[in-house]
$ cat start_15.cif   # mmCIF, C-alpha atoms
data_upload
loop_
_atom_site.label_atom_id
_atom_site.label_comp_id
_atom_site.auth_asym_id
_atom_site.auth_seq_id
_atom_site.Cartn_x
_atom_site.Cartn_y
_atom_site.Cartn_z
CA GLU A 1 117.54 107.07 102.91
CA ILE A 2 116.06 103.83 104.22
CA VAL A 3 115.06 101.54 101.35
CA LEU A 4 112.14 99.14 101.76
CA THR A 5 111.97 96.12 99.45
CA GLN A 6 108.70 94.23 99.22
CA SER A 7 108.22 90.71 97.96
CA PRO A 8 106.75 89.20 95.97
CA ASP A 9 105.80 91.83 93.40
CA THR A 10 102.55 89.98 92.68
CA LEU A 11 100.65 87.33 94.58
CA SER A 12 97.80 85.41 92.94
CA LEU A 13 95.70 83.36 95.35
CA SER A 14 92.18 81.97 95.73
CA PRO A 15 89.55 83.12 98.22
CA GLY A 16 90.10 81.55 101.62
CA GLU A 17 93.84 81.13 101.12
CA ARG A 18 96.50 82.76 103.24
CA ALA A 19 98.61 85.62 101.86
CA THR A 20 102.05 86.40 103.23
CA LEU A 21 103.65 89.68 102.16
CA SER A 22 107.22 90.61 103.05
CA CYS A 23 108.89 93.97 103.62
CA ARG A 24 112.64 94.11 104.14
CA ALA A 25 114.47 97.28 105.25
CA SER A 26 117.99 98.40 104.39
CA GLN A 27 118.56 99.21 108.05
CA SER A 28 116.92 98.47 111.38
CA LEU A 29 113.54 100.17 111.87
CA SER A 30 111.69 101.32 114.96
CA SER A 31 108.35 101.81 113.21
CA LEU A 32 106.52 100.29 110.24
CA ALA A 33 103.02 100.62 108.78
CA TRP A 34 101.08 98.75 106.11
CA TYR A 35 98.52 100.26 103.72
CA GLN A 36 95.97 98.82 101.30
CA HIS A 37 95.45 100.72 98.05
CA LYS A 38 92.62 100.05 95.62
CA PRO A 39 92.19 101.80 92.25
CA GLY A 40 90.25 105.05 92.46
CA GLN A 41 90.50 105.20 96.25
CA PRO A 42 93.01 106.72 98.67
CA PRO A 43 95.29 104.31 100.52
CA ARG A 44 93.92 102.87 103.77
CA LEU A 45 95.97 102.32 106.92
CA LEU A 46 95.91 98.65 107.97
CA ILE A 47 98.72 98.20 110.47
CA TYR A 48 100.92 100.57 112.47
CA GLY A 49 103.71 99.92 114.93
CA ALA A 50 104.45 96.75 112.90
CA SER A 51 101.62 94.78 114.52
CA SER A 52 98.78 97.03 115.72
CA ARG A 53 95.61 96.96 113.63
CA ALA A 54 94.11 100.32 112.72
CA ALA A 55 90.51 101.09 113.68
CA GLY A 56 87.94 99.07 111.74
CA ILE A 57 90.45 96.68 110.15
CA PRO A 58 89.27 93.03 110.15
CA ASP A 59 91.26 90.64 112.28
CA ARG A 60 92.21 88.55 109.25
CA PHE A 61 94.88 91.22 108.69
CA SER A 62 97.91 90.91 110.96
CA GLY A 63 101.41 92.34 111.03
CA SER A 64 104.58 90.99 112.54
CA GLY A 65 108.33 91.42 112.49
CA SER A 66 111.06 93.68 113.80
CA LYS A 67 114.35 95.36 112.89
CA THR A 68 114.72 94.69 109.13
CA ASP A 69 112.13 91.98 108.39
CA PHE A 70 108.38 92.52 108.52
CA THR A 71 105.36 90.54 107.35
CA LEU A 72 101.74 91.34 106.57
CA THR A 73 99.50 88.27 106.71
CA ILE A 74 95.97 88.05 105.37
CA SER A 75 94.72 84.85 106.96
CA ARG A 76 91.67 84.10 104.79
CA LEU A 77 91.54 86.05 101.55
CA GLU A 78 88.27 87.57 100.45
CA PRO A 79 87.53 88.98 96.98
CA GLU A 80 87.60 92.56 98.31
CA ASP A 81 91.23 92.11 99.42
CA SER A 82 92.36 92.51 95.81
CA ALA A 83 94.64 95.57 96.01
CA ILE A 84 98.22 96.79 96.17
CA TYR A 85 99.76 96.65 99.62
CA TYR A 86 102.54 99.03 100.68
CA CYS A 87 104.79 99.06 103.70
CA GLN A 88 106.08 102.39 105.01
CA HIS A 89 108.66 103.14 107.66
CA TYR A 90 108.51 106.15 109.94
CA SER A 91 111.72 105.60 111.87
CA ASP A 92 113.18 108.98 110.96
CA SER A 93 112.14 112.33 109.52
CA HIS A 94 112.14 110.98 105.94
CA PRO A 95 109.61 108.16 105.73
CA THR A 96 109.67 105.97 102.63
CA PHE A 97 107.34 103.41 101.08
CA GLY A 98 108.13 100.03 99.64
CA GLN A 99 107.38 99.49 95.96
CA GLY A 100 104.19 97.56 96.71
CA THR A 101 102.87 94.00 96.39
CA LYS A 102 99.86 93.42 94.15
CA VAL A 103 97.44 90.83 95.53
CA GLN A 104 95.19 89.26 92.91
CA ILE A 105 92.26 87.05 93.83
CA LYS A 106 91.72 84.19 91.38
CA GLU B 1 82.86 113.39 110.39
CA VAL B 2 86.64 113.52 110.51
CA GLN B 3 87.99 114.01 106.98
CA LEU B 4 90.51 115.64 104.70
CA VAL B 5 88.96 117.26 101.65
CA GLN B 6 91.20 118.04 98.69
CA SER B 7 90.72 120.47 95.83
CA GLY B 8 89.64 119.25 92.40
CA ALA B 9 91.56 117.96 89.41
CA GLU B 10 93.83 120.36 87.53
CA VAL B 11 95.10 120.49 83.95
CA LYS B 12 98.09 122.75 83.44
CA LYS B 13 100.80 123.51 80.89
CA PRO B 14 104.54 123.10 81.56
CA GLY B 15 105.97 126.17 83.26
CA GLU B 16 102.69 127.19 84.89
CA SER B 17 102.25 127.55 88.64
CA LEU B 18 99.76 125.64 90.75
CA ASN B 19 98.39 125.41 94.28
CA ILE B 20 96.36 122.43 95.43
CA SER B 21 94.72 122.30 98.83
CA CYS B 22 93.75 119.96 101.64
CA LYS B 23 91.22 121.03 104.28
CA GLY B 24 90.99 119.28 107.63
CA ILE B 25 87.50 118.85 109.05
CA GLY B 26 86.20 117.49 112.33
CA TYR B 27 89.39 117.26 114.40
CA SER B 28 91.96 119.48 116.06
CA PHE B 29 93.69 120.55 112.85
CA ALA B 30 96.64 122.41 114.40
CA THR B 31 97.90 119.46 116.42
CA TYR B 32 98.44 116.84 113.70
CA TRP B 33 101.12 116.83 111.02
CA ILE B 34 99.79 116.79 107.45
CA GLY B 35 101.84 115.11 104.75
CA TRP B 36 101.71 114.88 100.96
CA VAL B 37 102.16 111.67 98.97
CA ARG B 38 102.63 111.42 95.21
CA GLN B 39 101.54 108.60 92.93
CA ARG B 40 102.71 108.91 89.35
CA PRO B 41 100.76 106.97 86.68
CA GLY B 42 101.36 103.24 87.11
CA LYS B 43 103.83 103.79 89.94
CA GLY B 44 103.92 103.44 93.72
CA LEU B 45 103.55 105.87 96.58
CA GLU B 46 106.19 108.52 97.34
CA TRP B 47 106.30 110.51 100.59
CA MET B 48 106.95 114.14 99.66
CA GLY B 49 106.97 116.10 102.88
CA VAL B 50 105.02 117.13 105.93
CA ILE B 51 103.96 120.26 107.83
CA PHE B 52 102.87 120.87 111.43
CA PRO B 53 100.04 123.44 111.25
CA ARG B 54 100.54 124.84 114.74
CA ASP B 55 104.00 126.30 113.98
CA SER B 56 104.43 125.61 110.22
CA ASP B 57 107.45 123.36 110.89
CA THR B 58 108.07 121.62 107.55
CA THR B 59 110.21 118.68 106.43
CA TYR B 60 110.70 117.57 102.83
CA SER B 61 111.92 114.32 101.34
CA PRO B 62 115.20 115.18 99.56
CA PRO B 63 113.85 114.73 95.99
CA PHE B 64 111.08 117.23 96.73
CA GLN B 65 113.14 119.88 98.53
CA GLY B 66 113.00 122.82 96.13
CA PRO B 67 110.52 121.70 93.42
CA VAL B 68 107.51 122.09 95.74
CA THR B 69 106.45 124.17 98.73
CA ILE B 70 104.16 123.02 101.51
CA SER B 71 102.36 125.74 103.46
CA VAL B 72 99.41 126.11 105.82
CA ASP B 73 96.62 128.56 106.62
CA LYS B 74 95.54 127.79 110.18
CA SER B 75 92.58 130.16 109.95
CA THR B 76 90.94 127.91 107.34
CA SER B 77 92.47 124.57 108.47
CA THR B 78 93.99 124.18 105.02
CA VAL B 79 97.36 122.88 103.87
CA TYR B 80 98.69 123.71 100.40
CA LEU B 81 101.09 122.06 97.97
CA GLN B 82 102.55 124.59 95.55
CA TRP B 83 104.58 124.53 92.36
CA SER B 84 106.08 127.65 90.76
CA SER B 85 106.91 125.96 87.46
CA LEU B 86 105.29 122.65 86.59
CA LYS B 87 106.89 119.93 84.48
CA ALA B 88 105.28 117.07 82.60
CA SER B 89 106.86 114.73 85.17
CA ASP B 90 104.68 116.34 87.87
CA THR B 91 101.66 114.57 86.35
CA ALA B 92 100.36 112.44 89.22
CA ILE B 93 97.71 111.96 91.86
CA TYR B 94 98.61 113.85 95.01
CA TYR B 95 97.21 112.72 98.35
CA CYS B 96 97.30 114.61 101.60
CA ALA B 97 97.25 112.54 104.76
CA ARG B 98 97.18 113.13 108.48
CA GLN B 99 100.36 111.92 110.11
CA GLY B 100 99.74 111.00 113.71
CA ALA B 101 102.68 109.23 115.30
CA GLY B 102 104.42 108.86 111.95
CA TYR B 103 101.91 106.66 110.18
CA LEU B 104 99.22 108.11 107.89
CA ASP B 105 95.86 107.41 109.48
CA LEU B 106 93.51 109.70 107.54
CA TRP B 107 93.75 110.37 103.80
CA GLY B 108 92.24 112.90 101.45
CA GLN B 109 90.49 111.69 98.31
CA GLY B 110 93.42 112.68 96.08
CA THR B 111 93.92 115.42 93.49
CA LEU B 112 94.84 114.52 89.91
CA VAL B 113 97.31 116.96 88.38
CA THR B 114 97.89 116.68 84.64
CA VAL B 115 100.70 118.70 83.07
CA SER B 116 100.66 118.68 79.29
CA SER B 117 101.38 121.06 76.47
#
$ encode --input "start_15.cif" --output "structure tokens"
Amino acid sequence: EIVLTQSPDTLSLSPGERATLSCRASQSLSSLAWYQHKPGQPPRLLIYGASSRAAGIPDRFSGSGSKTDFTLTISRLEPEDSAIYYCQHYSDSHPTFGQGTKVQIK
Amino acid sequence: EVQLVQSGAEVKKPGESLNISCKGIGYSFATYWIGWVRQRPGKGLEWMGVIFPRDSDTTYSPPFQGPVTISVDKSTSTVYLQWSSLKASDTAIYYCARQGAGYLDLWGQGTLVTVSS
């Protein structure tokens, strides 16, 4: 099983600041997605293919990386970005999620 | 509108059986994989398994192979997640999601399953 490790566990930043979330894989990946999850709502796809934004996602969200190291960047945080963010690989027939990074807006 | 609509919350006792459902609306249901994702209280997301409605091809994550069954009824565009004997540890929110090219691009609203004696 491919293990995804996200860091940090929690990020506390002010509106307008830049958030950098990391996702590290236990082996090289061909495909990675990022999701935003708010309480009481289903998760929402943000990024697929490591760097492609899903439909309707603001351009302040961007993804980068390859092989074992991936990054989700939120360029200018807004209050509504408060959520848990998960990475997920789909490189084989048993996708897995990272443990999540909680983003708190001060 | 393209959506996945899940069945309502359930409260069950340990040992009971349960089916929850996920109905695809507004798209070509048979041609997209549908997966299930578990979120236990206070925990993260876990990918459970996936089914391809057109031919019922199914893959499970190893921890879920056996404890649950994923099935489909193409005639009603509905995917099911089934337990034959629930445990307290099955208490969770269960999401169905459309799996396009591997990523999950459309999610149901979630079904809360509570297992308690």
$ residues_around --input "start_15.cif" --residues "Ser75 in chain A" --least-positions-apart "3" --cutoff "10 Å" --atoms "only C-alpha atoms" --output "compact mmCIF listing (two decimals) with C-alpha atoms, in the coordinates of the input"
# COMPACT_ATOMS: atom_id res chain seq x y z
CA GLY A 16 90.10 81.55 101.62
CA GLU A 17 93.84 81.13 101.12
CA ARG A 18 96.50 82.76 103.24
CA ALA A 19 98.61 85.62 101.86
CA THR A 20 102.05 86.40 103.23
CA ASP A 59 91.26 90.64 112.28
CA ARG A 60 92.21 88.55 109.25
CA PHE A 61 94.88 91.22 108.69
CA SER A 62 97.91 90.91 110.96
CA LEU A 72 101.74 91.34 106.57
CA GLU A 78 88.27 87.57 100.45
$ resolve_selection --input "start_15.cif" --expression "the PyMOL selection byres ((chain B) within 9 of (chain A))" --output "list in words"
Lys43, Gly44, Leu45, Glu46, Trp47, Met48, Gly49, Thr59, Tyr60, Ser61, Pro62, Tyr95, Ala101, Gly102, Tyr103, Leu104, Asp105, Leu106, Trp107, Gly108, Gln109 and Gly110 of chain B
$ resolve_selection --input "start_15.cif" --expression "the PyMOL selection byres ((chain B and resi 13-25) around 8)" --output "ChimeraX atom specification"
/B:1-7,11-12,26-27,29,76-88,96,108,111,115-117
$ closest_residue --input "start_15.cif" --among "A:Cys23, A:Ser28, A:Gln104, A:Pro39" --to "Ile93 in chain B" --atoms "only C-alpha atoms"
A:Pro39
$ atom_distance --input "start_15.cif" --atom1 "CA of Arg76 in chain A" --atom2 "CA of Gly100 in chain B"
29.5 Å
$ closest_residue --input "start_15.cif" --among "A:Ser12, A:Ile105, A:Ser26, A:Ser7" --to "Ser82 in chain A" --atoms "all atoms listed in the file"
A:Ile105
$ atom_distance --input "start_15.cif" --atom1 "CA of Thr10 in chain A" --atom2 "CA of Arg38 in chain B"
21.6 Å
$ atom_distance --input "start_15.cif" --atom1 "CA of Val3 in chain A" --atom2 "CA of Ser66 in chain A"
15.3 Å
$ closest_residue --input "start_15.cif" --among "A:Leu77, A:Ala83, A:Ile2, A:Val103" --to "Ala25 in chain A" --atoms "all atoms listed in the file"
A:Ile2
